[in-house]
>>> print(open('query-v2.txt').read())   # compact mmCIF, C-alpha atoms
# COMPACT_ATOMS: atom_id res chain seq x y z
CA MET A 1 41.32 -0.33 -13.70
CA MET A 2 39.87 -3.78 -13.18
CA THR A 3 40.39 -3.54 -9.42
CA SER A 4 38.70 -0.15 -9.21
CA SER A 5 35.81 -1.50 -11.28
CA VAL A 6 35.33 -4.39 -8.90
CA VAL A 7 35.48 -2.09 -5.89
CA ALA A 8 32.96 0.27 -7.48
CA SER A 9 30.61 -2.58 -8.29
CA GLY A 10 30.97 -3.82 -4.73
CA ARG A 11 29.70 -0.53 -3.41
CA TRP A 12 26.48 -0.47 -5.45
CA TRP A 13 24.46 -0.42 -2.24
CA ARG A 14 25.91 2.98 -1.38
CA ARG A 15 24.63 4.66 -4.50
CA PRO A 16 21.86 7.26 -4.01
CA GLU A 17 19.70 5.53 -6.64
CA PHE A 18 19.75 2.31 -4.65
CA SER A 19 18.79 4.01 -1.39
CA LYS A 20 15.92 5.80 -3.14
CA VAL A 21 14.60 2.56 -4.61
CA VAL A 22 14.82 0.86 -1.21
CA SER A 23 12.97 3.80 0.36
CA VAL A 24 10.17 3.45 -2.19
CA LEU A 25 9.89 -0.29 -1.56
CA LEU A 26 9.86 0.17 2.23
CA LEU A 27 7.22 2.88 1.92
CA GLY A 28 5.16 0.53 -0.21
CA GLN A 29 5.36 -2.17 2.45
CA PHE A 30 4.35 0.28 5.17
CA LEU A 31 1.33 1.28 3.09
CA SER A 32 0.57 -2.40 2.62
CA PHE A 33 0.51 -2.86 6.38
CA ILE A 34 -1.82 0.12 6.81
CA LEU A 35 -4.11 -1.27 4.11
CA ALA A 36 -4.28 -4.57 5.97
CA LEU A 37 -5.39 -2.68 9.09
CA LEU A 38 -8.01 -0.78 7.08
CA THR A 39 -9.25 -4.08 5.69
CA PHE A 40 -9.55 -5.43 9.20
CA THR A 41 -11.48 -2.42 10.55
CA SER A 42 -13.85 -2.50 7.55
CA SER A 43 -14.56 -6.20 8.05
CA PHE A 44 -14.87 -5.76 11.81
CA SER A 45 -17.42 -2.94 11.46
CA ALA A 46 -19.44 -5.20 9.15
CA ASN A 47 -19.42 -7.90 11.82
CA LEU A 48 -20.69 -5.32 14.33
CA GLY A 49 -23.72 -4.72 12.11
CA LEU A 50 -22.77 -1.40 10.52
CA ASN A 51 -24.02 -1.72 6.94
CA SER A 52 -22.83 1.78 5.96
CA PRO A 53 -19.68 1.55 3.82
CA VAL A 54 -19.85 5.17 2.64
CA THR A 55 -20.13 6.44 6.21
CA LEU A 56 -17.01 4.49 7.12
CA GLY A 57 -14.98 6.48 4.57
CA LEU A 58 -16.66 9.84 5.20
CA PHE A 59 -14.59 10.69 8.27
CA GLY A 60 -11.37 9.85 6.42
CA TYR A 61 -12.19 12.28 3.62
CA LEU A 62 -13.24 14.85 6.19
CA ALA A 63 -9.91 14.46 7.97
CA LEU A 64 -8.05 15.02 4.67
CA THR A 65 -10.09 18.17 4.06
CA MET A 66 -9.46 19.59 7.51
CA VAL A 67 -5.72 18.91 7.49
CA TYR A 68 -4.71 19.78 3.94
CA GLY A 69 -7.54 22.19 3.18
CA SER A 70 -6.45 24.29 6.15
CA ILE A 71 -2.89 24.41 4.78
CA LEU A 72 -4.15 25.56 1.38
CA LEU A 73 -6.24 28.30 2.96
CA TYR A 74 -3.33 29.42 5.13
CA ARG A 75 -1.07 29.68 2.08
CA HIS A 76 -3.80 31.39 -0.03
CA HIS A 77 -3.19 28.73 -2.66
CA GLU A 78 -4.92 28.97 -6.02
CA LEU A 79 -5.78 25.77 -7.86
CA VAL A 80 -3.41 24.78 -10.65
CA ILE A 81 -5.59 21.95 -11.94
CA PRO A 82 -9.32 22.60 -12.64
CA TRP A 83 -11.65 21.48 -9.87
CA TYR A 84 -13.64 19.09 -12.05
CA TRP A 85 -10.60 16.83 -12.50
CA TYR A 86 -10.46 16.43 -8.73
CA ALA A 87 -14.21 15.88 -8.59
CA LEU A 88 -13.89 13.05 -11.11
CA ILE A 89 -11.00 11.41 -9.22
CA ALA A 90 -12.87 11.72 -5.92
CA PHE A 91 -16.00 10.21 -7.47
CA PHE A 92 -14.00 7.19 -8.64
CA ASP A 93 -12.39 6.85 -5.22
CA VAL A 94 -15.66 7.07 -3.27
CA GLN A 95 -17.34 4.48 -5.50
CA GLY A 96 -14.34 2.20 -5.14
CA ASN A 97 -14.47 2.44 -1.35
CA TYR A 98 -18.24 1.90 -1.38
CA LEU A 99 -18.09 -1.29 -3.45
CA PHE A 100 -15.01 -2.52 -1.60
CA ASN A 101 -16.51 -2.12 1.86
CA SER A 102 -19.90 -3.46 0.71
CA ALA A 103 -18.27 -6.71 -0.37
CA TYR A 104 -17.53 -7.64 3.27
CA TYR A 105 -21.24 -8.28 3.82
CA PHE A 106 -21.27 -11.00 1.15
CA THR A 107 -17.84 -12.66 1.00
CA SER A 108 -14.77 -13.36 3.14
CA ILE A 109 -12.03 -10.92 4.13
CA THR A 110 -9.44 -13.01 2.29
CA SER A 111 -11.41 -12.98 -0.97
CA VAL A 112 -11.85 -9.20 -0.74
CA ALA A 113 -8.13 -8.66 -0.17
CA LEU A 114 -7.06 -10.99 -2.95
CA LEU A 115 -9.55 -9.85 -5.57
CA ASP A 116 -8.63 -6.25 -4.82
CA CYS A 117 -5.33 -7.03 -6.55
CA TRP A 118 -7.18 -6.93 -9.87
CA THR A 119 -6.52 -3.21 -9.56
CA ILE A 120 -3.03 -3.95 -10.92
CA ALA A 121 -4.35 -5.23 -14.24
CA TRP A 122 -6.61 -2.21 -14.67
CA VAL A 123 -3.80 0.19 -13.71
CA ILE A 124 -1.52 -1.35 -16.33
CA LEU A 125 -4.26 -0.90 -18.94
CA PHE A 126 -5.15 2.67 -17.95
CA THR A 127 -1.53 3.88 -17.61
CA TRP A 128 -0.84 2.46 -21.07
CA ILE A 129 -3.90 4.24 -22.52
CA PHE A 130 -3.74 7.59 -20.70
CA LEU A 131 -0.06 7.99 -19.70
CA GLY A 132 1.62 6.06 -22.49
CA THR A 133 3.50 3.78 -20.07
CA LYS A 134 5.37 0.97 -21.82
CA TYR A 135 5.34 -2.57 -20.42
CA SER A 136 7.43 -5.55 -21.54
CA LEU A 137 5.95 -8.94 -22.39
CA TRP A 138 7.48 -10.38 -19.22
CA GLN A 139 5.75 -7.72 -17.13
CA LEU A 140 2.43 -8.51 -18.79
CA LEU A 141 3.04 -12.22 -18.19
CA GLY A 142 3.67 -11.54 -14.51
CA ALA A 143 0.47 -9.49 -14.25
CA ALA A 144 -1.46 -12.23 -16.06
CA LEU A 145 -0.23 -14.83 -13.58
CA CYS A 146 -1.41 -12.58 -10.73
CA GLY A 147 -4.83 -12.48 -12.38
CA LEU A 148 -4.84 -16.25 -12.76
CA GLY A 149 -4.07 -16.68 -9.08
CA LEU A 150 -6.92 -14.37 -8.15
CA CYS A 151 -9.34 -16.35 -10.34
CA LEU A 152 -8.67 -19.34 -8.09
CA VAL A 153 -10.20 -17.36 -5.22
CA VAL A 154 -13.49 -17.04 -7.10
CA LEU A 155 -13.36 -20.77 -7.82
CA SER A 156 -12.83 -21.46 -4.14
CA ASP A 157 -15.72 -19.18 -3.13
CA VAL A 158 -18.24 -20.56 -5.61
CA GLY A 159 -17.19 -24.13 -6.31
CA VAL A 160 -15.63 -25.23 -3.05
CA GLY A 161 -17.63 -23.02 -0.70
CA GLY A 162 -14.74 -22.18 1.57
CA GLY A 163 -14.78 -18.44 1.16
CA GLY A 164 -17.52 -17.69 3.63
CA GLY A 165 -20.17 -14.97 3.47
CA SER A 166 -23.85 -14.90 2.55
CA ASP A 167 -23.32 -14.49 -1.22
CA PRO A 168 -19.65 -15.00 -2.19
CA LEU A 169 -20.19 -14.54 -5.93
CA LEU A 170 -21.92 -11.17 -5.45
CA GLY A 171 -19.14 -10.12 -3.10
CA ASP A 172 -16.51 -11.04 -5.69
CA ILE A 173 -18.35 -9.01 -8.34
CA LEU A 174 -18.49 -5.98 -6.05
CA VAL A 175 -14.74 -6.17 -5.37
CA THR A 176 -13.99 -6.48 -9.09
CA GLY A 177 -16.05 -3.35 -9.75
CA ALA A 178 -14.19 -1.57 -6.95
CA THR A 179 -10.84 -2.39 -8.57
CA ILE A 180 -11.85 -0.57 -11.75
CA PHE A 181 -12.76 2.58 -9.81
CA TYR A 182 -9.60 2.31 -7.70
CA ALA A 183 -7.45 2.01 -10.83
CA LEU A 184 -9.03 5.09 -12.41
CA SER A 185 -8.52 6.99 -9.16
CA ASN A 186 -4.89 5.88 -8.79
CA VAL A 187 -3.97 6.76 -12.37
CA GLY A 188 -5.70 10.14 -12.13
CA GLU A 189 -4.01 10.88 -8.83
CA GLU A 190 -0.62 9.89 -10.28
CA LEU A 191 -1.17 12.25 -13.20
CA CYS A 192 -1.99 15.16 -10.88
CA VAL A 193 0.68 14.46 -8.25
CA LYS A 194 3.45 14.29 -10.85
CA GLN A 195 2.39 17.75 -12.04
CA ILE A 196 1.83 19.85 -8.94
CA GLY A 197 2.71 17.78 -5.84
CA ARG A 198 0.47 16.21 -3.24
CA LEU A 199 -0.86 19.13 -1.14
CA GLU A 200 -3.49 20.41 -3.58
CA VAL A 201 -4.40 16.86 -4.64
CA LEU A 202 -5.04 15.63 -1.10
CA ALA A 203 -7.02 18.71 -0.11
CA MET A 204 -9.32 18.57 -3.12
CA LEU A 205 -9.65 14.79 -2.96
CA GLY A 206 -10.77 15.15 0.64
CA LEU A 207 -13.18 17.98 -0.18
CA PHE A 208 -14.97 16.29 -3.06
CA GLY A 209 -14.74 12.91 -1.35
CA THR A 210 -16.60 14.38 1.61
CA LEU A 211 -19.20 15.99 -0.67
CA PHE A 212 -19.94 12.81 -2.62
CA SER A 213 -20.00 10.75 0.58
CA VAL A 214 -22.55 13.03 2.24
CA ILE A 215 -24.79 12.89 -0.85
CA GLU A 216 -24.68 9.11 -1.03
CA ILE A 217 -25.23 8.71 2.71
CA ALA A 218 -28.34 10.88 2.51
CA ILE A 219 -29.69 8.77 -0.36
CA PHE A 220 -28.65 5.22 0.57
CA GLU A 221 -27.58 5.01 4.21
CA ARG A 222 -29.68 7.45 6.24
CA LYS A 223 -32.18 4.85 7.46
CA THR A 224 -29.42 2.36 8.17
CA LEU A 225 -27.57 4.85 10.38
CA GLU A 226 -30.75 5.62 12.30
CA ALA A 227 -31.09 1.94 13.18
CA VAL A 228 -27.46 1.42 14.24
CA THR A 229 -26.78 0.70 17.90
CA TRP A 230 -23.65 2.66 18.67
CA SER A 231 -21.18 1.14 21.10
CA ALA A 232 -17.71 1.99 22.33
CA GLU A 233 -16.34 -0.84 20.23
CA LEU A 234 -17.94 0.51 17.07
CA ILE A 235 -16.79 4.07 17.77
CA LEU A 236 -13.22 2.89 18.30
CA THR A 237 -13.43 1.06 14.98
CA PHE A 238 -14.40 4.35 13.31
CA VAL A 239 -11.53 6.18 14.98
CA GLY A 240 -9.01 3.54 13.96
CA ASN A 241 -10.28 3.45 10.39
CA THR A 242 -10.16 7.26 10.11
CA ALA A 243 -6.59 7.43 11.43
CA GLY A 244 -5.46 4.69 9.06
CA PHE A 245 -7.34 6.32 6.17
CA LEU A 246 -5.62 9.67 6.77
CA LEU A 247 -2.16 8.11 7.02
CA PHE A 248 -2.66 5.89 3.97
CA TYR A 249 -3.87 8.72 1.74
CA THR A 250 -1.15 11.05 3.02
CA LEU A 251 1.65 8.65 2.09
CA THR A 252 0.18 7.29 -1.15
CA PRO A 253 1.11 10.35 -3.30
CA LEU A 254 4.75 9.94 -2.25
CA ILE A 255 5.06 6.54 -3.88
CA LEU A 256 2.90 7.60 -6.85
CA GLN A 257 5.25 10.51 -7.45
CA ALA A 258 8.41 8.48 -6.97
CA SER A 259 7.37 5.50 -9.08
CA GLY A 260 3.79 5.15 -10.30
CA ALA A 261 0.41 3.54 -9.82
CA THR A 262 1.57 0.10 -10.99
CA LEU A 263 4.40 -0.29 -8.49
CA PHE A 264 2.13 1.18 -5.83
CA ASN A 265 -0.50 -1.52 -6.35
CA LEU A 266 2.11 -4.25 -6.66
CA SER A 267 3.49 -3.21 -3.27
CA LEU A 268 0.02 -3.65 -1.78
CA LEU A 269 -0.03 -7.33 -2.74
CA THR A 270 1.59 -8.25 0.56
CA SER A 271 -1.43 -6.93 2.45
CA ASP A 272 -3.13 -10.16 1.39
CA MET A 273 -0.71 -12.10 3.58
CA TRP A 274 -1.79 -10.04 6.57
CA ALA A 275 -5.43 -10.72 5.66
CA VAL A 276 -4.81 -14.44 5.81
CA VAL A 277 -3.05 -14.07 9.18
CA ILE A 278 -6.07 -12.15 10.52
CA ARG A 279 -8.49 -14.73 9.20
CA ILE A 280 -6.60 -17.65 10.77
CA PHE A 281 -5.71 -16.16 14.15
CA PHE A 282 -8.41 -13.55 14.81
CA TYR A 283 -11.48 -15.10 13.22
CA GLN A 284 -10.25 -18.67 13.84
CA GLN A 285 -11.42 -19.78 10.40
CA GLN A 286 -9.99 -22.43 8.13
CA VAL A 287 -8.50 -21.52 4.76
CA GLU A 288 -9.19 -23.68 1.68
CA TRP A 289 -6.21 -25.18 -0.17
CA LEU A 290 -7.02 -23.12 -3.29
CA TYR A 291 -6.09 -19.98 -1.36
CA TYR A 292 -2.56 -21.29 -0.86
CA VAL A 293 -2.32 -22.20 -4.55
CA SER A 294 -3.46 -18.69 -5.45
CA PHE A 295 -0.79 -17.18 -3.19
CA ALA A 296 1.86 -19.26 -4.95
CA VAL A 297 0.68 -18.23 -8.43
CA VAL A 298 0.45 -14.55 -7.43
CA GLY A 299 3.92 -14.75 -5.89
CA VAL A 300 5.40 -16.15 -9.10
CA GLY A 301 3.67 -13.46 -11.16
CA LEU A 302 4.93 -10.72 -8.84
CA LEU A 303 8.47 -12.10 -9.02
CA ILE A 304 8.43 -12.13 -12.84
CA TYR A 305 7.10 -8.56 -12.96
CA SER A 306 9.62 -7.27 -10.41
CA LYS A 307 12.62 -8.92 -12.09
CA THR A 308 11.80 -7.31 -15.45
CA GLU A 309 10.64 -3.91 -14.19
CA LYS A 310 12.66 -0.86 -15.11
CA SER A 311 13.98 1.42 -12.38
CA PRO A 312 11.21 3.67 -11.06
CA ASN A 313 11.08 7.25 -12.13
CA LEU A 314 12.15 8.93 -8.94
CA SER A 315 10.89 12.36 -9.84
CA GLN A 316 11.12 15.19 -7.38
CA GLU A 317 8.47 17.56 -6.11
CA PRO A 318 7.67 20.20 -8.75
CA GLU A 319 9.47 23.43 -8.06
CA ASN A 320 7.57 26.72 -7.88
CA GLY A 321 4.38 24.91 -8.87
CA ILE A 322 5.71 24.21 -12.39
CA PRO A 323 4.25 20.92 -13.59
CA ASN A 324 6.41 18.01 -14.69
CA PRO A 325 6.71 18.30 -18.50
CA GLN A 326 6.21 14.54 -18.82
CA TYR A 327 2.62 14.88 -17.57
CA GLN A 328 1.18 17.91 -19.32
CA LEU A 329 -2.34 16.73 -20.25
CA VAL A 330 -4.26 18.17 -17.32
CA HIS A 331 -2.06 21.27 -17.14
CA GLU A 332 -2.72 22.07 -20.80
CA GLN A 333 -6.45 21.70 -20.19
CA ALA A 334 -6.15 24.08 -17.24
CA SER A 335 -4.43 26.66 -19.46
CA ILE A 336 -7.24 26.38 -22.02
CA ASP A 337 -9.86 26.96 -19.30
CA VAL A 338 -8.03 30.08 -18.16
>>> encode(input="query-v2.txt", output="structure tokens")
Amino acid sequence: MMTSSVVASGRWWRRPEFSKVVSVLLLGQFLSFILALLTFTSSFSANLGLNSPVTLGLFGYLALTMVYGSILLYRHHELVIPWYWYALIAFFDVQGNYLFNSAYYFTSITSVALLDCWTIAWVILFTWIFLGTKYSLWQLLGAALCGLGLCLVVLSDVGVGGGGGSDPLLGDILVTGATIFYALSNVGEELCVKQIGRLEVLAMLGLFGTLFSVIEIAIFERKTLEAVTWSAELILTFVGNTAGFLLFYTLTPLILQASGATLFNLSLLTSDMWAVVIRIFFYQQQVEWLYYVSFAVVGVGLLIYSKTEKSPNLSQEPENGIPNPQYQLVHEQASIDV
């Protein structure tokens, strides 16, 4: 019996649960890499003089609408979740992208990437409030350490002056505001995806994202676009950003469904490392010592959180459009509306 137990324990890597967890982690790292590329294209377009953050995301939302909206129309799909839930999620997402991309005009790419990790703290708060997710004290300690590390970035930008940009403090405030909108969007998307799958969510997110983007462009960015000098370099930046946007949003519901918004945002922490690599080798800029300290503190916080995290809820795609009973809030509201 003891021998068989040892053999069984030695084959833990062959268990389906282990392979699923590894798949989720690898998917998270792939999304982190895509996010780093999106961060680069956003910063690069700002350097080219395109002060139109909403326009940058418009084509991504339009691509989502064309791809997944066409599938919904082909299947004659009827909405399971009321449209106004999607409108609210899309509004949060568009505002998050707007503030996030606007920050590049005032602060450095590294500060934007690092401060974006504040999304984790907000996601923990919102999942606890709206989804009832339980977190241990060790997990909260790990998240707090991540927040402490990110505060060092603000100190570096304001006190030391190494962050770069015309107004680093304003840029940091914009990114912090973006994290709140991103967290609300992620939690709302998780709630919907775990009920009815990703197809309807992506199609409606793209549709309302496009609508809100067009409205805001007409109000805030019309004159800016008229003054832009379009070049092949700028057009290629748009194309690359749109392709990355489509791929990122397509894969995001998979990890939200398999685990949740918290693990999703924790996986994106490694995109900061790519941001530093870009800053050093592409922009040929120096990095202040406080950035390295912040990386160390964030790394310790992430390690504590990961070591105490429970196994992710690897839920499957809802069958026959029947929502997951664990996430019934929106579905019950839909039934009331009907």
>>> closest_residue(input="query-v2.txt", among="A:Phe106, A:Phe282, A:Trp118, A:Phe91", to="Asp167 of chain A", atoms="all atoms listed in the file")
A:Phe106
>>> closest_residue(input="query-v2.txt", among="A:Leu140, A:Cys146, A:Leu199, A:Ala103", to="Ala46 of chain A", atoms="all atoms listed in the file")
A:Ala103
>>> residues_around(input="query-v2.txt", residues="Ile34 of chain A", least_positions_apart="4", cutoff="12 Å", atoms="all atoms listed in the file", output="PDB file with C-alpha atoms, keeping the file's coordinate frame")
ATOM      1  CA  LEU A  27       7.220   2.880   1.920  1.00  0.00           C
ATOM      2  CA  GLY A  28       5.160   0.530  -0.210  1.00  0.00           C
ATOM      3  CA  GLN A  29       5.360  -2.170   2.450  1.00  0.00           C
ATOM      4  CA  PHE A  30       4.350   0.280   5.170  1.00  0.00           C
ATOM      5  CA  LEU A  38      -8.010  -0.780   7.080  1.00  0.00           C
ATOM      6  CA  THR A  39      -9.250  -4.080   5.690  1.00  0.00           C
ATOM      7  CA  PHE A  40      -9.550  -5.430   9.200  1.00  0.00           C
ATOM      8  CA  THR A  41     -11.480  -2.420  10.550  1.00  0.00           C
ATOM      9  CA  GLY A 240      -9.010   3.540  13.960  1.00  0.00           C
ATOM     10  CA  ASN A 241     -10.280   3.450  10.390  1.00  0.00           C
ATOM     11  CA  THR A 242     -10.160   7.260  10.110  1.00  0.00           C
ATOM     12  CA  ALA A 243      -6.590   7.430  11.430  1.00  0.00           C
ATOM     13  CA  GLY A 244      -5.460   4.690   9.060  1.00  0.00           C
ATOM     14  CA  PHE A 245      -7.340   6.320   6.170  1.00  0.00           C
ATOM     15  CA  LEU A 246      -5.620   9.670   6.770  1.00  0.00           C
ATOM     16  CA  LEU A 247      -2.160   8.110   7.020  1.00  0.00           C
ATOM     17  CA  PHE A 248      -2.660   5.890   3.970  1.00  0.00           C
ATOM     18  CA  TYR A 249      -3.870   8.720   1.740  1.00  0.00           C
ATOM     19  CA  THR A 250      -1.150  11.050   3.020  1.00  0.00           C
ATOM     20  CA  LEU A 251       1.650   8.650   2.090  1.00  0.00           C
ATOM     21  CA  THR A 252       0.180   7.290  -1.150  1.00  0.00           C
ATOM     22  CA  SER A 267       3.490  -3.210  -3.270  1.00  0.00           C
ATOM     23  CA  LEU A 268       0.020  -3.650  -1.780  1.00  0.00           C
ATOM     24  CA  THR A 270       1.590  -8.250   0.560  1.00  0.00           C
ATOM     25  CA  SER A 271      -1.430  -6.930   2.450  1.00  0.00           C
ATOM     26  CA  ASP A 272      -3.130 -10.160   1.390  1.00  0.00           C
ATOM     27  CA  TRP A 274      -1.790 -10.040   6.570  1.00  0.00           C
ATOM     28  CA  ALA A 275      -5.430 -10.720   5.660  1.00  0.00           C
TER      29      ALA A 275
END
>>> closest_atom_pairs(input="query-v2.txt", of="segment 113-226 of chain A", to="segment 51-75 of chain A", cutoff="8 Å", atoms="all atoms listed in the file", output="Markdown table")
| residue | atom | partner | partner_atom | distance |
| --- | --- | --- | --- | --- |
| A:Leu199 | CA | A:Tyr68 | CA | 6.4 |
| A:Glu200 | CA | A:Leu72 | CA | 7.2 |
| A:Leu202 | CA | A:Leu64 | CA | 6.5 |
| A:Ala203 | CA | A:Tyr68 | CA | 4.8 |
| A:Met204 | CA | A:Thr65 | CA | 7.2 |
| A:Leu205 | CA | A:Tyr61 | CA | 7.5 |
| A:Gly206 | CA | A:Tyr61 | CA | 4.4 |
| A:Leu207 | CA | A:Thr65 | CA | 5.2 |
| A:Gly209 | CA | A:Tyr61 | CA | 5.6 |
| A:Thr210 | CA | A:Tyr61 | CA | 5.3 |
| A:Ser213 | CA | A:Leu58 | CA | 5.8 |
| A:Val214 | CA | A:Leu58 | CA | 7.3 |
| A:Glu216 | CA | A:Val54 | CA | 7.2 |
| A:Ile217 | CA | A:Val54 | CA | 6.4 |
| A:Glu221 | CA | A:Ser52 | CA | 6.0 |
| A:Thr224 | CA | A:Asn51 | CA | 6.9 |
| A:Leu225 | CA | A:Ser52 | CA | 7.2 |
>>> atom_distance(input="query-v2.txt", atom1="atom CA of Thr262 of chain A", atom2="atom CA of Ile120 of chain A")
6.1 Å
>>> closest_residue(input="query-v2.txt", among="A:Lys134, A:Thr229, A:Ser108, A:Ala90", to="Leu211 of chain A", atoms="all atoms listed in the file")
A:Ala90
>>> atom_distance(input="query-v2.txt", atom1="atom CA of Ile304 of chain A", atom2="atom CA of Tyr135 of chain A")
12.6 Å
>>> closest_residue(input="query-v2.txt", among="A:Phe212, A:Tyr86, A:Trp289, A:Phe126", to="Ile180 of chain A", atoms="all atoms listed in the file")
A:Phe126
>>> residues_around(input="query-v2.txt", residues="Thr127 of chain A", least_positions_apart="2", cutoff="12 Å", atoms="all atoms listed in the file", output="MDAnalysis selection string")
chainID A and resid 119:125 129:135 183:191 260:263 327
>>> atom_distance(input="query-v2.txt", atom1="atom CA of Asn101 of chain A", atom2="atom CA of Leu254 of chain A")
24.8 Å
